[in-house]
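Taking it in order: structure first as structure tokens, then the write-up.
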Amino acid sequence: MNQAMAKLYFRYGAMSSAKTVNLLATAHSYEVQKKKVVVMTPKIDNRWGEGKVKSRAGLHRVADVLLTADTTFPAEMLAGVSCVLVDECQFLDPCVIDRLRYITINSAIPVICYGLRTDFRARLFPAVRRLMEIADNIEEVKTTCTFCNRKATMNLKSVNGAATMVGPTVCLGADELYAPTCYAHFCEKISESSGGGPIDFKAAWEAGDEADSKQAAAGCRVSKLRRQDSEEDSKRPRLGGA
Ligand SMILES: [Zn+2]
């Protein structure tokens with residue numbers, strides 16, 4: 001084991017919880033000390049134009065590395081780097097999380113991942129599950145519910161003003177589509193728009209898996225994330241050497 005092992009951090013929060021502002025501020029802190037950071041973001045997040053790490057507060061910078069399931073981190077990429085910052089990590093393939101973990105061991109560089117905890121069906125993203133499993137340090141970036149003053153833990157999706165748990169897991173949107181809410185308001189809004197009664201999360205998840213399969217069949221790589229998860233297990237790099 002490398003004595004100089006650095007930490008893998010996961011900073012999670014609901015939509016609009018200033019995760020990206022936090023990332024940009026962290027990058028700035030390093031850079032004013034003349035320390036180099038590498039900013040990475042999934043290749044699929046093209047809300048703001050490909051490779052842009054942009055907060056709703058208006059700050060932005062261009063990502064140094066666009067991550068796909070095939071991205072590796074050669075020594076040249078990390079030469080002289082003091083910290084690796086990853087935005088929107090929920091959209092990564094879980095195998096990339098294991099490779100980021102490797103950076104903290106092999107190169108002794110801390111890696112800080114920012115992302116949502118759950119999707120709009122209140123289910124962990126595959127990459128986030130992996131982060132929960134192997135991160136050293138897990139911190140919440142807090143924000144309040146859109147409808148009350150409780151802490152937001154959920155991401156409510158709305159289409160044409162109606163709350164919904166329908167559709168593929170990854171359909172990138174901004175404020176007009178997703179809102180941070182507390183659990184009570186999430187349930188209230190979903191229940192209202194689906195004719196009342198308790199939420200059947202299991203049914204929503206199954207329908208979501210089906211929507212993801214359809215999206216995948218239509219050729220969208222992103223949507224295969226969840227389905228690839230178990231296949232990727234066998235391909236994950238192993239810690240501790242061969
Ligand atoms: Zn609320």
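So you can find residues: chains in the structure tokens are A, B, ... in the order shown, residues in each start at 1, and ligands are numbered from 1 in order.
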Give me, as JSON lines, the closest atom pair and its distance (Å, one decimal) for every residue of chain A within a cut-off of 10 Å of ligand 1, counting only C-alpha atoms and all ligand atoms, rows sorted by chain and rising number.
{"residue": "A:Thr144", "atom": "CA", "partner": "ligand 1", "partner_atom_place_in_ligand_line": "1 (Zn)", "distance": 7.7}
{"residue": "A:Cys145", "atom": "CA", "partner": "ligand 1", "partner_atom_place_in_ligand_line": "1 (Zn)", "distance": 4.6}
{"residue": "A:Thr146", "atom": "CA", "partner": "ligand 1", "partner_atom_place_in_ligand_line": "1 (Zn)", "distance": 6.4}
{"residue": "A:Phe147", "atom": "CA", "partner": "ligand 1", "partner_atom_place_in_ligand_line": "1 (Zn)", "distance": 4.8}
{"residue": "A:Cys148", "atom": "CA", "partner": "ligand 1", "partner_atom_place_in_ligand_line": "1 (Zn)", "distance": 4.2}
{"residue": "A:Asn149", "atom": "CA", "partner": "ligand 1", "partner_atom_place_in_ligand_line": "1 (Zn)", "distance": 6.4}
{"residue": "A:Arg150", "atom": "CA", "partner": "ligand 1", "partner_atom_place_in_ligand_line": "1 (Zn)", "distance": 5.6}
{"residue": "A:Lys151", "atom": "CA", "partner": "ligand 1", "partner_atom_place_in_ligand_line": "1 (Zn)", "distance": 7.5}
{"residue": "A:Ala152", "atom": "CA", "partner": "ligand 1", "partner_atom_place_in_ligand_line": "1 (Zn)", "distance": 7.0}
{"residue": "A:Thr153", "atom": "CA", "partner": "ligand 1", "partner_atom_place_in_ligand_line": "1 (Zn)", "distance": 9.4}
{"residue": "A:Met154", "atom": "CA", "partner": "ligand 1", "partner_atom_place_in_ligand_line": "1 (Zn)", "distance": 9.6}
{"residue": "A:Pro180", "atom": "CA", "partner": "ligand 1", "partner_atom_place_in_ligand_line": "1 (Zn)", "distance": 8.7}
{"residue": "A:Thr181", "atom": "CA", "partner": "ligand 1", "partner_atom_place_in_ligand_line": "1 (Zn)", "distance": 5.3}
{"residue": "A:Cys182", "atom": "CA", "partner": "ligand 1", "partner_atom_place_in_ligand_line": "1 (Zn)", "distance": 4.3}
{"residue": "A:Tyr183", "atom": "CA", "partner": "ligand 1", "partner_atom_place_in_ligand_line": "1 (Zn)", "distance": 6.9}
{"residue": "A:Ala184", "atom": "CA", "partner": "ligand 1", "partner_atom_place_in_ligand_line": "1 (Zn)", "distance": 6.0}
{"residue": "A:His185", "atom": "CA", "partner": "ligand 1", "partner_atom_place_in_ligand_line": "1 (Zn)", "distance": 4.6}
{"residue": "A:Phe186", "atom": "CA", "partner": "ligand 1", "partner_atom_place_in_ligand_line": "1 (Zn)", "distance": 7.4}
{"residue": "A:Cys187", "atom": "CA", "partner": "ligand 1", "partner_atom_place_in_ligand_line": "1 (Zn)", "distance": 9.7}
{"residue": "A:Glu188", "atom": "CA", "partner": "ligand 1", "partner_atom_place_in_ligand_line": "1 (Zn)", "distance": 9.2}
May I have a table of the residues of range 55-169 of chain A lying at most 12 Å from range 29-32 of chain A, giving each one's closest pair of atoms and their distance in Å to one decimal, counting only C-alpha atoms, ordered by chain and ascending residue number, as a Markdown table?
| residue | atom | partner | partner_atom | distance |
| --- | --- | --- | --- | --- |
| A:Val81 | CA | A:Tyr30 | CA | 10.1 |
| A:Ser82 | CA | A:Tyr30 | CA | 7.8 |
| A:Cys83 | CA | A:Tyr30 | CA | 8.1 |
| A:Val84 | CA | A:Tyr30 | CA | 10.7 |
| A:Leu85 | CA | A:Tyr30 | CA | 11.1 |
Go ahead and save the residues from that selection, with C-alpha atoms, as a CSV table (one decimal), in the first residue's frame.
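New file part-v5.csv:
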chain,number,residue,atom,x,y,z
A,81,VAL,CA,-1.7,18.1,-10.3
A,82,SER,CA,-2.7,18.8,-6.7
A,83,CYS,CA,-6.4,17.9,-6.9
A,84,VAL,CA,-8.8,16.2,-9.3
A,85,LEU,CA,-12.4,17.7,-9.4
Please compute the CA of Ile134 in chain A-CA of Ser107 in chain A distance, one decimal, in Å.
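Between CA of Ile134 in chain A and CA of Ser107 in chain A the gap is 17.1 Å.
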Would you please give, as number ranges by chain, all residues of range 95-172 of chain A that DSSP assigns to helix (DSSP H, G or I) based on the backbone?
A: 95-106, 126-134
Find the residues near Ser158 in chain A: any atom within 9 Å, counting only C-alpha atoms, skip ones fewer than 6 places away on the same chain, and give them as a VMD selection string.
chain A and resid 164 to 165 176 to 179
Counting only C-alpha atoms, the residue of A:Lys36, A:Arg56, A:Arg123, A:Lys43 that sits nearest Phe91 in chain A:
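For Phe91 in chain A, the nearest of the candidates is A:Lys43.
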Each residue of range 132-197 of chain A lying at most 6 Å from range 111-122 of chain A should get a row with its shortest atom-to-atom pair and the distance in Å to one decimal, counting only C-alpha atoms; could you produce that, ordered by chain and increasing number, as a Markdown table?
| residue | atom | partner | partner_atom | distance |
| --- | --- | --- | --- | --- |
| A:Asn155 | CA | A:Phe120 | CA | 5.1 |
| A:Leu156 | CA | A:Phe120 | CA | 5.6 |
| A:Lys157 | CA | A:Phe120 | CA | 5.8 |
| A:Met165 | CA | A:Arg121 | CA | 5.5 |
Let me see the file: selected residues, N, CA and C atoms, as a PDB file, in the first residue's frame.
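Produced file again-v3.pdb, reproduced below:
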ATOM      1  N   ASN A 155     -35.204  14.902  -5.785  1.00  0.00           N
ATOM      2  CA  ASN A 155     -35.215  15.698  -7.008  1.00  0.00           C
ATOM      3  C   ASN A 155     -36.525  15.439  -7.729  1.00  0.00           C
ATOM      4  N   LEU A 156     -37.377  16.438  -7.724  1.00  0.00           N
ATOM      5  CA  LEU A 156     -38.707  16.283  -8.319  1.00  0.00           C
ATOM      6  C   LEU A 156     -38.666  16.706  -9.781  1.00  0.00           C
ATOM      7  N   LYS A 157     -39.081  15.799 -10.654  1.00  0.00           N
ATOM      8  CA  LYS A 157     -39.130  16.111 -12.082  1.00  0.00           C
ATOM      9  C   LYS A 157     -40.535  16.569 -12.449  1.00  0.00           C
ATOM     10  N   MET A 165     -42.712  10.638 -12.318  1.00  0.00           N
ATOM     11  CA  MET A 165     -41.582   9.725 -12.139  1.00  0.00           C
ATOM     12  C   MET A 165     -41.376   8.913 -13.422  1.00  0.00           C
TER      13      MET A 165
END
For CA of Met5 in chain A and CA of Asp136 in chain A, determine how far apart the two atoms are, in Å to one decimal place.
11.1 Å
Could you jot down the CA of Tyr102 in chain A to CA of Ser55 in chain A separation for me, Å, one decimal place?
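A separation of 27.9 Å between them.
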Identify all residues of range 84-213 of chain A in strand (DSSP E) (DSSP on the backbone) and supply them as a list in words.
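Checking each residue of range 84-213 of chain A, the strand (DSSP E) ones are Val84, Leu85, Val86, Val111, Ile112, Cys113, Tyr114, Gly115, Asn137, Ile138, Glu139, Glu140, Met154, Asn155, Leu156, Lys157, Ser158, Val159, Ala162, Ala163, Thr164, Tyr178, Ala179, Pro180 and Thr181 of chain A.
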Output C-alpha atoms of each residue in that selection to a file, as a tab-separated table (two decimals), in the first residue's frame.
chain	number	residue	atom	x	y	z
A	84	VAL	CA	-8.84	16.24	-9.33
A	85	LEU	CA	-12.37	17.72	-9.36
A	86	VAL	CA	-15.24	15.84	-11.00
A	111	VAL	CA	-10.19	13.34	-5.97
A	112	ILE	CA	-13.37	15.25	-5.17
A	113	CYS	CA	-16.57	14.11	-6.90
A	114	TYR	CA	-19.72	16.25	-6.93
A	115	GLY	CA	-23.11	14.91	-7.86
A	137	ASN	CA	-15.26	11.09	2.91
A	138	ILE	CA	-18.95	11.68	2.13
A	139	GLU	CA	-20.37	15.15	2.65
A	140	GLU	CA	-23.76	16.68	1.95
A	154	MET	CA	-35.24	14.55	-3.38
A	155	ASN	CA	-35.22	15.70	-7.01
A	156	LEU	CA	-38.71	16.28	-8.32
A	157	LYS	CA	-39.13	16.11	-12.08
A	158	SER	CA	-41.93	18.10	-13.69
A	159	VAL	CA	-43.08	18.04	-17.29
A	162	ALA	CA	-46.98	18.17	-13.61
A	163	ALA	CA	-44.77	16.16	-11.26
A	164	THR	CA	-43.75	12.80	-12.70
A	178	TYR	CA	-36.16	19.46	-11.81
A	179	ALA	CA	-36.65	20.91	-8.34
A	180	PRO	CA	-35.11	20.07	-4.98
A	181	THR	CA	-37.77	18.97	-2.48
With only C-alpha atoms as the atoms that count, which of A:Pro74, A:Pro168, A:Pro126, A:Gly196 lies nearest to Ala211 in chain A?
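Using only C-alpha atoms, the shortest distance to Ala211 in chain A belongs to A:Pro168.
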Could you list, as a ChimeraX atom specification, every residue within 9 Å of Arg61 in chain A, counting only C-alpha atoms and ignoring same-chain residues fewer than 3 positions away?
/A:24,39,51-54
